[in-house]
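Source file: work.pdb; contents: PDB, C-alpha atoms.
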```pdb
ATOM      1  CA  MET S   1     -62.912 -55.141 -46.979
ATOM      2  CA  ILE S   2     -63.656 -52.785 -49.870
ATOM      3  CA  ASP S   3     -62.384 -53.956 -53.255
ATOM      4  CA  LEU S   4     -61.339 -51.369 -55.828
ATOM      5  CA  HIS S   5     -61.381 -53.347 -59.048
ATOM      6  CA  MET S   6     -58.572 -52.319 -61.373
ATOM      7  CA  PRO S   7     -59.332 -53.149 -65.011
ATOM      8  CA  ALA S   8     -56.916 -51.959 -67.675
ATOM      9  CA  GLU S   9     -58.746 -48.675 -68.335
ATOM     10  CA  ARG S  10     -58.697 -47.719 -64.661
ATOM     11  CA  LEU S  11     -55.025 -48.583 -64.289
ATOM     12  CA  ALA S  12     -54.213 -46.571 -67.412
ATOM     13  CA  GLY S  13     -55.878 -43.503 -65.889
ATOM     14  CA  LEU S  14     -54.444 -43.891 -62.380
ATOM     15  CA  ARG S  15     -52.543 -40.764 -61.367
ATOM     16  CA  TRP S  16     -51.458 -38.678 -58.396
ATOM     17  CA  ALA S  17     -52.691 -35.173 -57.652
ATOM     18  CA  VAL S  18     -52.503 -32.742 -54.756
ATOM     19  CA  SER S  19     -55.802 -31.321 -53.484
ATOM     20  CA  PRO S  20     -55.727 -28.137 -51.348
ATOM     21  CA  VAL S  21     -59.452 -28.249 -50.531
ATOM     22  CA  GLY S  22     -59.256 -32.018 -50.178
ATOM     23  CA  GLU S  23     -56.695 -31.517 -47.424
ATOM     24  CA  LEU S  24     -59.109 -29.159 -45.661
ATOM     25  CA  ALA S  25     -61.780 -31.857 -45.908
ATOM     26  CA  ALA S  26     -59.287 -34.378 -44.539
ATOM     27  CA  ALA S  27     -58.702 -32.082 -41.559
ATOM     28  CA  LEU S  28     -62.453 -31.906 -40.887
ATOM     29  CA  VAL S  29     -62.807 -35.692 -41.040
ATOM     30  CA  ALA S  30     -59.724 -36.234 -38.875
ATOM     31  CA  VAL S  31     -60.987 -33.822 -36.236
ATOM     32  CA  SER S  32     -64.347 -35.584 -36.221
ATOM     33  CA  GLU S  33     -62.760 -39.016 -35.839
ATOM     34  CA  ALA S  34     -59.887 -38.152 -33.485
ATOM     35  CA  PRO S  35     -60.205 -38.513 -29.705
ATOM     36  CA  LYS S  36     -61.211 -35.362 -27.875
ATOM     37  CA  ALA S  37     -57.834 -35.142 -26.148
ATOM     38  CA  SER S  38     -55.810 -35.426 -29.347
ATOM     39  CA  ARG S  39     -53.126 -32.737 -29.579
ATOM     40  CA  ARG S  40     -52.600 -33.291 -33.265
ATOM     41  CA  HIS S  41     -55.750 -31.478 -34.349
ATOM     42  CA  ARG S  42     -56.144 -28.962 -31.556
ATOM     43  CA  HIS S  43     -55.509 -25.967 -33.835
ATOM     44  CA  ILE S  44     -58.251 -27.029 -36.257
ATOM     45  CA  ARG S  45     -60.628 -27.570 -33.336
ATOM     46  CA  ALA S  46     -59.843 -24.104 -32.020
ATOM     47  CA  LEU S  47     -60.583 -22.541 -35.405
ATOM     48  CA  LEU S  48     -63.854 -24.477 -35.678
ATOM     49  CA  SER S  49     -64.821 -23.135 -32.246
ATOM     50  CA  SER S  50     -63.873 -19.544 -33.072
ATOM     51  CA  GLY S  51     -67.287 -18.580 -34.424
ATOM     52  CA  HIS S  52     -65.897 -17.904 -37.920
ATOM     53  CA  LEU S  53     -66.818 -21.369 -39.247
ATOM     54  CA  PRO S  54     -70.399 -22.154 -38.183
ATOM     55  CA  THR S  55     -71.229 -24.156 -41.325
ATOM     56  CA  LEU S  56     -68.073 -26.270 -41.275
ATOM     57  CA  ALA S  57     -68.463 -26.790 -37.534
ATOM     58  CA  ALA S  58     -71.951 -28.171 -38.226
ATOM     59  CA  VAL S  59     -70.524 -30.499 -40.875
ATOM     60  CA  VAL S  60     -67.962 -31.842 -38.404
ATOM     61  CA  ARG S  61     -70.621 -32.287 -35.727
ATOM     62  CA  GLY S  62     -72.921 -34.114 -38.113
ATOM     63  CA  TYR S  63     -70.282 -36.266 -39.828
ATOM     64  CA  THR S  64     -70.461 -40.031 -39.348
ATOM     65  CA  THR S  65     -69.201 -41.885 -42.420
ATOM     66  CA  TYR S  66     -70.293 -39.820 -45.416
ATOM     67  CA  LEU S  67     -68.932 -36.406 -46.398
ATOM     68  CA  PRO S  68     -70.675 -34.511 -49.226
ATOM     69  CA  GLU S  69     -68.554 -34.892 -52.348
ATOM     70  CA  LEU S  70     -68.507 -31.175 -53.135
ATOM     71  CA  LEU S  71     -66.085 -30.778 -50.200
ATOM     72  CA  THR S  72     -63.525 -32.911 -52.040
ATOM     73  CA  PRO S  73     -63.501 -31.405 -55.547
ATOM     74  CA  ALA S  74     -61.563 -33.519 -58.001
ATOM     75  CA  PRO S  75     -58.160 -31.963 -58.838
ATOM     76  CA  ARG S  76     -58.019 -31.511 -62.612
ATOM     77  CA  THR S  77     -54.241 -31.039 -62.650
ATOM     78  CA  PHE S  78     -51.438 -32.372 -60.466
ATOM     79  CA  LEU S  79     -51.319 -29.204 -58.364
ATOM     80  CA  PRO S  80     -54.481 -27.093 -58.734
ATOM     81  CA  THR S  81     -54.754 -23.756 -56.971
ATOM     82  CA  VAL S  82     -56.946 -23.454 -53.920
ATOM     83  CA  GLU S  83     -58.820 -20.681 -55.737
ATOM     84  CA  ASP S  84     -59.767 -23.043 -58.561
ATOM     85  CA  GLN S  85     -61.011 -25.664 -56.152
ATOM     86  CA  LEU S  86     -62.957 -23.181 -54.034
ATOM     87  CA  HIS S  87     -64.569 -21.908 -57.231
ATOM     88  CA  ALA S  88     -65.647 -25.488 -57.946
ATOM     89  CA  VAL S  89     -67.261 -25.649 -54.499
ATOM     90  CA  ALA S  90     -68.998 -22.278 -54.907
ATOM     91  CA  THR S  91     -70.371 -23.155 -58.351
ATOM     92  CA  THR S  92     -71.547 -26.699 -57.622
ATOM     93  CA  PRO S  93     -74.973 -27.102 -59.284
ATOM     94  CA  ALA S  94     -77.724 -26.391 -56.774
ATOM     95  CA  SER S  95     -79.380 -29.749 -57.463
ATOM     96  CA  THR S  96     -76.096 -31.524 -56.655
ATOM     97  CA  VAL S  97     -75.729 -29.595 -53.398
ATOM     98  CA  GLY S  98     -79.277 -30.580 -52.458
ATOM     99  CA  THR S  99     -78.767 -34.258 -53.255
ATOM    100  CA  GLN S 100     -75.510 -34.522 -51.327
ATOM    101  CA  PHE S 101     -76.712 -32.721 -48.207
ATOM    102  CA  THR S 102     -79.932 -34.696 -48.212
ATOM    103  CA  ALA S 103     -77.777 -37.812 -48.005
ATOM    104  CA  PHE S 104     -75.667 -36.192 -45.279
ATOM    105  CA  LEU S 105     -78.603 -35.068 -43.140
ATOM    106  CA  THR S 106     -81.278 -37.713 -43.660
ATOM    107  CA  GLY S 107     -79.195 -40.850 -44.197
ATOM    108  CA  GLY S 108     -81.241 -43.855 -45.262
ATOM    109  CA  ASN S 109     -81.462 -44.725 -48.942
ATOM    110  CA  ALA S 110     -80.128 -41.306 -49.934
ATOM    111  CA  ARG S 111     -76.827 -42.095 -48.201
ATOM    112  CA  SER S 112     -76.632 -45.803 -49.020
ATOM    113  CA  GLY S 113     -77.013 -44.969 -52.701
ATOM    114  CA  ARG S 114     -73.738 -43.041 -52.504
ATOM    115  CA  CYS S 115     -71.957 -45.476 -50.168
ATOM    116  CA  PRO S 116     -73.625 -48.880 -50.675
ATOM    117  CA  TRP S 117     -71.295 -50.639 -48.219
ATOM    118  CA  LEU S 118     -72.607 -48.705 -45.201
ATOM    119  CA  ARG S 119     -74.580 -50.654 -42.615
ATOM    120  CA  ASP S 120     -77.816 -49.579 -40.961
ATOM    121  CA  GLY S 121     -75.906 -48.014 -38.085
ATOM    122  CA  GLN S 122     -74.238 -45.591 -40.489
ATOM    123  CA  LEU S 123     -77.473 -44.571 -42.217
ATOM    124  CA  ALA S 124     -79.102 -42.684 -39.345
ATOM    125  CA  ARG S 125     -80.149 -39.059 -39.606
ATOM    126  CA  ALA S 126     -77.581 -36.440 -38.662
ATOM    127  CA  ASP S 127     -77.681 -34.820 -35.232
ATOM    128  CA  GLU S 128     -80.723 -32.538 -35.139
ATOM    129  CA  ARG S 129     -78.582 -29.726 -33.728
ATOM    130  CA  VAL S 130     -76.682 -29.356 -37.006
ATOM    131  CA  ARG S 131     -79.719 -29.086 -39.251
ATOM    132  CA  PRO S 132     -80.493 -25.346 -38.764
ATOM    133  CA  ARG S 133     -76.999 -24.448 -40.021
ATOM    134  CA  LEU S 134     -77.242 -26.644 -43.101
ATOM    135  CA  GLU S 135     -80.897 -26.513 -44.087
ATOM    136  CA  VAL S 136     -80.625 -23.322 -46.110
ATOM    137  CA  GLY S 137     -80.924 -22.649 -49.832
ATOM    138  CA  GLU S 138     -78.485 -24.638 -51.941
ATOM    139  CA  SER S 139     -76.874 -21.524 -53.448
ATOM    140  CA  GLU S 140     -76.380 -19.958 -50.032
ATOM    141  CA  LEU S 141     -75.000 -23.179 -48.588
ATOM    142  CA  ARG S 142     -72.370 -23.697 -51.294
ATOM    143  CA  GLU S 143     -71.230 -20.061 -50.980
ATOM    144  CA  ARG S 144     -70.986 -20.308 -47.200
ATOM    145  CA  LEU S 145     -68.934 -23.467 -47.504
ATOM    146  CA  ALA S 146     -66.550 -21.899 -50.024
ATOM    147  CA  CYS S 147     -66.075 -18.774 -47.880
ATOM    148  CA  GLU S 148     -65.459 -20.736 -44.693
ATOM    149  CA  LEU S 149     -63.086 -23.142 -46.407
ATOM    150  CA  HIS S 150     -61.118 -20.137 -47.668
ATOM    151  CA  TRP S 151     -60.889 -18.707 -44.136
ATOM    152  CA  LEU S 152     -59.798 -22.071 -42.706
ATOM    153  CA  TRP S 153     -57.222 -22.413 -45.480
ATOM    154  CA  SER S 154     -55.739 -18.984 -44.754
ATOM    155  CA  LYS S 155     -55.382 -19.697 -41.035
ATOM    156  CA  ALA S 156     -54.423 -23.369 -40.945
ATOM    157  CA  ILE S 157     -52.642 -24.427 -44.127
ATOM    158  CA  ALA S 158     -51.715 -21.549 -46.453
ATOM    159  CA  PRO S 159     -48.650 -20.397 -44.426
ATOM    160  CA  HIS S 160     -47.134 -23.879 -44.788
ATOM    161  CA  TRP S 161     -48.450 -24.945 -48.197
ATOM    162  CA  SER S 162     -45.175 -24.633 -50.114
ATOM    163  CA  GLN S 163     -43.482 -26.873 -47.540
ATOM    164  CA  ILE S 164     -46.344 -29.348 -47.569
ATOM    165  CA  THR S 165     -46.430 -29.606 -51.353
ATOM    166  CA  ALA S 166     -42.663 -30.165 -51.436
ATOM    167  CA  GLY S 167     -43.184 -33.152 -49.145
ATOM    168  CA  PHE S 168     -46.070 -34.385 -51.294
ATOM    169  CA  GLU S 169     -44.018 -34.101 -54.479
ATOM    170  CA  GLY S 170     -41.135 -36.028 -52.977
ATOM    171  CA  PHE S 171     -43.501 -38.747 -51.792
ATOM    172  CA  VAL S 172     -45.068 -39.083 -55.249
ATOM    173  CA  GLU S 173     -41.641 -39.249 -56.904
ATOM    174  CA  ARG S 174     -40.546 -42.061 -54.598
ATOM    175  CA  HIS S 175     -43.768 -43.961 -55.247
ATOM    176  CA  GLY S 176     -43.214 -43.641 -58.990
ATOM    177  CA  ALA S 177     -39.688 -44.956 -58.654
ATOM    178  CA  MET S 178     -40.927 -47.914 -56.625
ATOM    179  CA  ALA S 179     -43.626 -48.682 -59.210
ATOM    180  CA  ALA S 180     -40.948 -48.680 -61.917
ATOM    181  CA  ARG S 181     -38.728 -51.052 -59.931
ATOM    182  CA  GLU S 182     -41.233 -53.418 -58.351
ATOM    183  CA  GLY S 183     -44.447 -53.084 -60.363
ATOM    184  CA  LEU S 184     -47.573 -51.015 -59.854
ATOM    185  CA  GLY S 185     -49.417 -53.606 -57.768
ATOM    186  CA  SER S 186     -46.610 -53.838 -55.230
ATOM    187  CA  ALA S 187     -46.215 -50.086 -55.141
ATOM    188  CA  LEU S 188     -49.939 -49.555 -54.485
ATOM    189  CA  ALA S 189     -50.002 -52.142 -51.704
ATOM    190  CA  ALA S 190     -46.976 -50.489 -50.086
ATOM    191  CA  LEU S 191     -48.748 -47.132 -49.777
ATOM    192  CA  HIS S 192     -50.441 -48.093 -46.507
ATOM    193  CA  SER S 193     -50.716 -51.101 -44.220
ATOM    194  CA  SER S 194     -54.472 -51.312 -44.894
ATOM    195  CA  LEU S 195     -53.950 -51.875 -48.640
ATOM    196  CA  LEU S 196     -53.503 -55.217 -50.390
ATOM    197  CA  TRP S 197     -53.132 -55.969 -54.110
ATOM    198  CA  GLN S 198     -54.847 -59.252 -54.932
ATOM    199  CA  ASP S 199     -56.670 -60.773 -57.900
ATOM    200  CA  GLY S 200     -56.643 -57.596 -59.972
ATOM    201  CA  ALA S 201     -58.084 -55.438 -57.197
ATOM    202  CA  LEU S 202     -56.734 -53.014 -54.619
ATOM    203  CA  LYS S 203     -58.290 -54.166 -51.357
ATOM    204  CA  VAL S 204     -58.838 -51.631 -48.570
ATOM    205  CA  ALA S 205     -59.105 -53.114 -45.077
ATOM    206  CA  SER S 206     -62.321 -51.760 -43.576
ATOM    207  CA  ASP S 207     -65.144 -52.534 -41.179
ATOM    208  CA  PHE S 208     -67.393 -52.452 -44.252
ATOM    209  CA  ASP S 209     -67.755 -54.840 -47.164
ATOM    210  CA  GLY S 210     -68.208 -53.536 -50.682
ATOM    211  CA  GLU S 211     -66.656 -53.008 -54.063
ATOM    212  CA  VAL S 212     -66.032 -50.233 -56.559
ATOM    213  CA  ARG S 213     -66.433 -51.514 -60.102
ATOM    214  CA  GLY S 214     -66.299 -49.711 -63.403
ATOM    215  CA  GLU S 215     -63.486 -48.353 -65.534
ATOM    216  CA  HIS S 216     -63.532 -44.697 -64.471
ATOM    217  CA  PRO S 217     -60.101 -43.560 -63.201
ATOM    218  CA  ILE S 218     -59.261 -43.069 -59.546
ATOM    219  CA  THR S 219     -56.940 -40.246 -58.489
ATOM    220  CA  LEU S 220     -54.499 -40.836 -55.631
ATOM    221  CA  ILE S 221     -54.378 -37.923 -53.161
ATOM    222  CA  PRO S 222     -51.626 -37.606 -50.512
ATOM    223  CA  SER S 223     -52.837 -36.333 -47.141
ATOM    224  CA  LEU S 224     -51.108 -35.188 -43.975
ATOM    225  CA  PHE S 225     -54.218 -35.032 -41.809
ATOM    226  CA  LEU S 226     -55.752 -38.441 -42.415
ATOM    227  CA  ASP S 227     -54.595 -41.412 -40.367
ATOM    228  CA  ARG S 228     -56.418 -43.907 -42.587
ATOM    229  CA  VAL S 229     -57.074 -44.425 -46.280
ATOM    230  CA  GLY S 230     -60.089 -42.395 -47.424
ATOM    231  CA  LEU S 231     -62.455 -42.931 -50.339
ATOM    232  CA  HIS S 232     -63.877 -39.760 -51.864
ATOM    233  CA  ALA S 233     -66.715 -40.049 -54.395
ATOM    234  CA  PRO S 234     -65.524 -43.521 -55.483
ATOM    235  CA  LEU S 235     -68.623 -44.244 -57.568
ATOM    236  CA  LEU S 236     -68.602 -40.979 -59.535
ATOM    237  CA  PRO S 237     -66.729 -40.947 -62.874
ATOM    238  CA  GLY S 238     -64.309 -38.045 -62.980
ATOM    239  CA  GLU S 239     -64.530 -37.513 -59.215
ATOM    240  CA  ALA S 240     -63.233 -40.752 -57.636
ATOM    241  CA  GLN S 241     -60.289 -40.277 -55.278
ATOM    242  CA  LEU S 242     -58.281 -42.439 -52.895
ATOM    243  CA  ALA S 243     -56.680 -40.373 -50.121
ATOM    244  CA  ILE S 244     -53.391 -41.795 -48.834
ATOM    245  CA  PRO S 245     -52.106 -40.807 -45.359
ATOM    246  CA  ILE S 246     -48.445 -40.244 -46.023
ATOM    247  CA  ALA S 247     -47.513 -39.773 -42.357
ATOM    248  CA  ALA S 248     -48.121 -43.483 -41.829
ATOM    249  CA  SER S 249     -46.331 -44.594 -44.979
ATOM    250  CA  ALA S 250     -43.310 -46.833 -44.852
ATOM    251  CA  HIS S 251     -41.763 -44.519 -47.428
ATOM    252  CA  ALA S 252     -41.654 -41.352 -45.348
ATOM    253  CA  ILE S 253     -38.578 -39.211 -45.899
ATOM    254  CA  PRO S 254     -35.649 -40.533 -43.868
ATOM    255  CA  HIS S 255     -33.609 -38.425 -41.492
ATOM    256  CA  ILE S 256     -30.737 -37.191 -43.638
ATOM    257  CA  ALA S 257     -28.319 -35.701 -41.122
ATOM    258  CA  PRO S 258     -26.228 -38.899 -40.923
ATOM    259  CA  VAL S 259     -25.930 -38.885 -44.712
ATOM    260  CA  LEU S 260     -25.069 -35.252 -45.325
ATOM    261  CA  GLY S 261     -23.345 -34.502 -42.060
ATOM    262  CA  ALA S 262     -24.363 -31.787 -39.611
ATOM    263  CA  THR S 263     -22.335 -28.989 -41.236
ATOM    264  CA  ARG S 264     -23.508 -29.673 -44.773
ATOM    265  CA  LEU S 265     -27.109 -30.011 -43.573
ATOM    266  CA  ALA S 266     -26.886 -26.680 -41.732
ATOM    267  CA  ILE S 267     -25.594 -24.987 -44.878
ATOM    268  CA  LEU S 268     -28.388 -26.514 -46.931
ATOM    269  CA  HIS S 269     -31.038 -25.322 -44.470
ATOM    270  CA  SER S 270     -29.710 -21.763 -44.687
ATOM    271  CA  LEU S 271     -30.070 -21.677 -48.487
ATOM    272  CA  ALA S 272     -33.821 -21.126 -48.557
ATOM    273  CA  GLU S 273     -32.746 -17.676 -49.790
ATOM    274  CA  PRO S 274     -29.758 -16.960 -52.054
ATOM    275  CA  ARG S 275     -26.441 -16.495 -50.236
ATOM    276  CA  THR S 276     -22.829 -16.077 -51.266
ATOM    277  CA  THR S 277     -19.935 -18.191 -50.037
ATOM    278  CA  THR S 278     -18.777 -15.293 -47.863
ATOM    279  CA  ALA S 279     -22.235 -14.856 -46.330
ATOM    280  CA  LEU S 280     -22.432 -18.581 -45.559
ATOM    281  CA  ALA S 281     -18.967 -18.579 -44.015
ATOM    282  CA  THR S 282     -19.942 -15.703 -41.730
ATOM    283  CA  LEU S 283     -23.299 -17.263 -40.827
ATOM    284  CA  HIS S 284     -21.831 -20.651 -39.922
ATOM    285  CA  HIS S 285     -18.458 -19.460 -38.566
ATOM    286  CA  LEU S 286     -16.536 -21.439 -41.153
ATOM    287  CA  ALA S 287     -13.626 -20.683 -43.431
ATOM    288  CA  PRO S 288     -14.707 -19.718 -46.974
ATOM    289  CA  ALA S 289     -12.662 -22.619 -48.354
ATOM    290  CA  THR S 290     -14.581 -25.047 -46.126
ATOM    291  CA  VAL S 291     -17.906 -23.654 -47.319
ATOM    292  CA  SER S 292     -16.760 -23.918 -50.943
ATOM    293  CA  PHE S 293     -15.875 -27.573 -50.400
ATOM    294  CA  HIS S 294     -19.324 -28.371 -48.953
ATOM    295  CA  LEU S 295     -21.088 -26.417 -51.722
ATOM    296  CA  SER S 296     -19.227 -28.392 -54.387
ATOM    297  CA  ARG S 297     -20.582 -31.624 -52.909
ATOM    298  CA  LEU S 298     -24.107 -30.243 -52.650
ATOM    299  CA  LEU S 299     -23.927 -29.037 -56.259
ATOM    300  CA  ALA S 300     -22.844 -32.490 -57.416
ATOM    301  CA  ALA S 301     -25.860 -33.998 -55.605
ATOM    302  CA  ASP S 302     -28.249 -31.500 -57.249
ATOM    303  CA  LEU S 303     -29.180 -30.109 -53.837
ATOM    304  CA  VAL S 304     -28.066 -26.535 -54.529
ATOM    305  CA  GLU S 305     -27.928 -24.336 -57.600
ATOM    306  CA  ARG S 306     -25.804 -21.265 -58.278
ATOM    307  CA  ARG S 307     -26.452 -18.032 -60.113
ATOM    308  CA  ARG S 308     -23.964 -15.279 -60.964
ATOM    309  CA  ASP S 309     -25.013 -11.702 -60.253
ATOM    310  CA  GLY S 310     -22.227  -9.418 -61.433
ATOM    311  CA  ARG S 311     -19.131 -10.208 -59.407
ATOM    312  CA  HIS S 312     -21.004 -12.388 -56.936
ATOM    313  CA  VAL S 313     -22.199 -15.997 -57.086
ATOM    314  CA  HIS S 314     -25.334 -16.835 -55.100
ATOM    315  CA  TYR S 315     -26.313 -20.314 -53.997
ATOM    316  CA  ARG S 316     -29.790 -21.585 -53.193
ATOM    317  CA  HIS S 317     -31.208 -25.035 -52.502
ATOM    318  CA  THR S 318     -33.074 -26.828 -55.284
ATOM    319  CA  ALA S 319     -36.569 -28.306 -55.460
ATOM    320  CA  ARG S 320     -34.998 -31.701 -54.835
ATOM    321  CA  ALA S 321     -33.475 -30.407 -51.608
ATOM    322  CA  ARG S 322     -36.809 -29.002 -50.478
ATOM    323  CA  THR S 323     -38.391 -32.453 -50.685
ATOM    324  CA  ILE S 324     -35.875 -33.911 -48.233
ATOM    325  CA  LEU S 325     -35.211 -30.997 -45.900
ATOM    326  CA  ARG S 326     -38.455 -31.264 -43.961
ATOM    327  CA  PRO S 327     -39.074 -34.809 -42.755
ATOM    328  CA  ALA S 328     -41.320 -33.335 -40.053
ATOM    329  CA  LEU S 329     -43.860 -32.520 -42.733
ATOM    330  CA  LEU S 330     -44.721 -36.185 -42.999
ATOM    331  CA  THR S 331     -45.296 -36.644 -39.283
ATOM    332  CA  THR S 332     -46.412 -33.202 -38.096
ATOM    333  CA  PRO S 333     -49.752 -31.669 -39.034
ATOM    334  CA  PRO S 334     -49.703 -28.147 -40.486
ATOM    335  CA  SER S 335     -51.117 -26.655 -37.271
ATOM    336  CA  GLU S 336     -47.987 -27.766 -35.399
ATOM    337  CA  LEU S 337     -45.436 -26.563 -37.932
ATOM    338  CA  PRO S 338     -43.424 -23.474 -36.958
ATOM    339  CA  ASN S 339     -44.720 -20.172 -38.225
ATOM    340  CA  PRO S 340     -42.890 -19.025 -41.375
TER     341      PRO S 340
END
```
Can you give me the file's structure in the form of structure tokens?
Amino acid sequence: MIDLHMPAERLAGLRWAVSPVGELAAALVAVSEAPKASRRHRHIRALLSSGHLPTLAAVVRGYTTYLPELLTPAPRTFLPTVEDQLHAVATTPASTVGTQFTAFLTGGNARSGRCPWLRDGQLARADERVRPRLEVGESELRERLACELHWLWSKAIAPHWSQITAGFEGFVERHGAMAAREGLGSALAALHSSLLWQDGALKVASDFDGEVRGEHPITLIPSLFLDRVGLHAPLLPGEAQLAIPIAASAHAIPHIAPVLGATRLAILHSLAEPRTTTALATLHHLAPATVSFHLSRLLAADLVERRRDGRHVHYRHTARARTILRPALLTTPPSELPNP
């Protein structure tokens, strides 16, 4: 069990944020930990084997329990751009790059100092086969990592990022509502089955025993790729993050077809782009009056918005609708989403 102590200052600074590069790091960890036959991460594995990502492939091959913190840059806003986070990777101080990759490659005291709860079995040196790819100058290494992360982002996640972030935003909103109704401790414990709120600490079920003290804030990061709760840089003020696997959450978006009805749901799905009542009637083979009736109900539920353009009125679904239209986002990894 790892105890995250939650004094008043830490609770006051607790917040959610989305991390584009953090999700890439989560994919690397998940691929490293997943069984070889897992279908869920096959696309990421294929990209790592493509020859375009030799440095990241070496990181995955050498990963055991510690991932260099520069691969999970702290999000400074709720939704930072991937460019901002990649810039943070590429401009990590050379001395920091050296310290972190020394811990990654050599293990021992260098690694235990960053993760004091690790046992001797998790402090061994990395596989010798990965060292040639990673034992380069610190400036070159950080630039290689940033470039390869950008390539992986463009192939694996970027085409689906707007859909993914809509799911993340809806998840965060529901967590906030639960915290308001039931209290922050209960809401934190409900995030994952491995979490427990007890005696002023958030306890993370783990094979390791340790604690994270101090008053520096911890940022909560939703993740599609991770199947378990992840601790990123927990001991570093300004960098500490707790990654929450939302696919396993009890608060995943419910299937909404029984609530809206098949016809209304079909109309809502077709409003990713603005359409008129006439266009919707033609698309769905319905009478215009029927479409108008369904639109009035969707407007009242704040699921669609309308905008007049001359003689025509166009309808389009709202941000609220986008958070509930794609329940598959919380159970399907980006590599298995349909191409846009």
Worksheet item: What residues come out when you apply the PyMOL selection byres ((chain S and resi 231) around 12) to this file, written as a ChimeraX atom specification?
Response: /S:2-4,22,25-26,29,65-69,72,114-115,117,204-206,211-212,218-221,226,228-230,232-236,239-245
Pull C-alpha atoms from the residues just selected and write them as a JSON list (two decimals), in the frame of the given file.
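Below is the file result_29.json, written as the result:
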```json
[["chain", "number", "residue", "atom", "x", "y", "z"],
["S", 2, "ILE", "CA", -63.66, -52.78, -49.87],
["S", 3, "ASP", "CA", -62.38, -53.96, -53.26],
["S", 4, "LEU", "CA", -61.34, -51.37, -55.83],
["S", 22, "GLY", "CA", -59.26, -32.02, -50.18],
["S", 25, "ALA", "CA", -61.78, -31.86, -45.91],
["S", 26, "ALA", "CA", -59.29, -34.38, -44.54],
["S", 29, "VAL", "CA", -62.81, -35.69, -41.04],
["S", 65, "THR", "CA", -69.20, -41.88, -42.42],
["S", 66, "TYR", "CA", -70.29, -39.82, -45.42],
["S", 67, "LEU", "CA", -68.93, -36.41, -46.40],
["S", 68, "PRO", "CA", -70.68, -34.51, -49.23],
["S", 69, "GLU", "CA", -68.55, -34.89, -52.35],
["S", 72, "THR", "CA", -63.52, -32.91, -52.04],
["S", 114, "ARG", "CA", -73.74, -43.04, -52.50],
["S", 115, "CYS", "CA", -71.96, -45.48, -50.17],
["S", 117, "TRP", "CA", -71.30, -50.64, -48.22],
["S", 204, "VAL", "CA", -58.84, -51.63, -48.57],
["S", 205, "ALA", "CA", -59.10, -53.11, -45.08],
["S", 206, "SER", "CA", -62.32, -51.76, -43.58],
["S", 211, "GLU", "CA", -66.66, -53.01, -54.06],
["S", 212, "VAL", "CA", -66.03, -50.23, -56.56],
["S", 218, "ILE", "CA", -59.26, -43.07, -59.55],
["S", 219, "THR", "CA", -56.94, -40.25, -58.49],
["S", 220, "LEU", "CA", -54.50, -40.84, -55.63],
["S", 221, "ILE", "CA", -54.38, -37.92, -53.16],
["S", 226, "LEU", "CA", -55.75, -38.44, -42.42],
["S", 228, "ARG", "CA", -56.42, -43.91, -42.59],
["S", 229, "VAL", "CA", -57.07, -44.42, -46.28],
["S", 230, "GLY", "CA", -60.09, -42.40, -47.42],
["S", 232, "HIS", "CA", -63.88, -39.76, -51.86],
["S", 233, "ALA", "CA", -66.72, -40.05, -54.40],
["S", 234, "PRO", "CA", -65.52, -43.52, -55.48],
["S", 235, "LEU", "CA", -68.62, -44.24, -57.57],
["S", 236, "LEU", "CA", -68.60, -40.98, -59.54],
["S", 239, "GLU", "CA", -64.53, -37.51, -59.22],
["S", 240, "ALA", "CA", -63.23, -40.75, -57.64],
["S", 241, "GLN", "CA", -60.29, -40.28, -55.28],
["S", 242, "LEU", "CA", -58.28, -42.44, -52.90],
["S", 243, "ALA", "CA", -56.68, -40.37, -50.12],
["S", 244, "ILE", "CA", -53.39, -41.80, -48.83],
["S", 245, "PRO", "CA", -52.11, -40.81, -45.36]]
```
Discussion item. List as an NGL selection string the protein and nucleic acid residues near stretch 120-124 of chain S, meaning an atom at most 12 Å away when all atoms listed in the file are counted, but skip any in the same chain fewer than 6 places from it.
Written reply: :S and (62-66 or 102-114 or 207-208)
Practice prompt. Might you spell out which residues the PyMOL selection byres ((chain S and resi 306) around 10) would select in the displayed file, as a VMD selection string?
Written response: chain S and resid 274 to 276 295 299 304 to 305 307 to 309 313 to 318
Discussion item. Since I can't run it myself right now, could you work out what the PyMOL selection byres ((chain S and resi 55) around 9) selects here and report it as a ChimeraX atom specification?
Written reply: /S:52-54,56-60,130,133-134,141,144-145,148
Export, as an mmCIF file, keeping the file's coordinate frame, the selected residues with C-alpha atoms.
```cif
data_model
loop_
_atom_site.group_PDB
_atom_site.id
_atom_site.type_symbol
_atom_site.label_atom_id
_atom_site.label_comp_id
_atom_site.auth_asym_id
_atom_site.auth_seq_id
_atom_site.Cartn_x
_atom_site.Cartn_y
_atom_site.Cartn_z
ATOM 1 C CA HIS S 52 -65.897 -17.904 -37.920
ATOM 2 C CA LEU S 53 -66.818 -21.369 -39.247
ATOM 3 C CA PRO S 54 -70.399 -22.154 -38.183
ATOM 4 C CA LEU S 56 -68.073 -26.270 -41.275
ATOM 5 C CA ALA S 57 -68.463 -26.790 -37.534
ATOM 6 C CA ALA S 58 -71.951 -28.171 -38.226
ATOM 7 C CA VAL S 59 -70.524 -30.499 -40.875
ATOM 8 C CA VAL S 60 -67.962 -31.842 -38.404
ATOM 9 C CA VAL S 130 -76.682 -29.356 -37.006
ATOM 10 C CA ARG S 133 -76.999 -24.448 -40.021
ATOM 11 C CA LEU S 134 -77.242 -26.644 -43.101
ATOM 12 C CA LEU S 141 -75.000 -23.179 -48.588
ATOM 13 C CA ARG S 144 -70.986 -20.308 -47.200
ATOM 14 C CA LEU S 145 -68.934 -23.467 -47.504
ATOM 15 C CA GLU S 148 -65.459 -20.736 -44.693
#
```
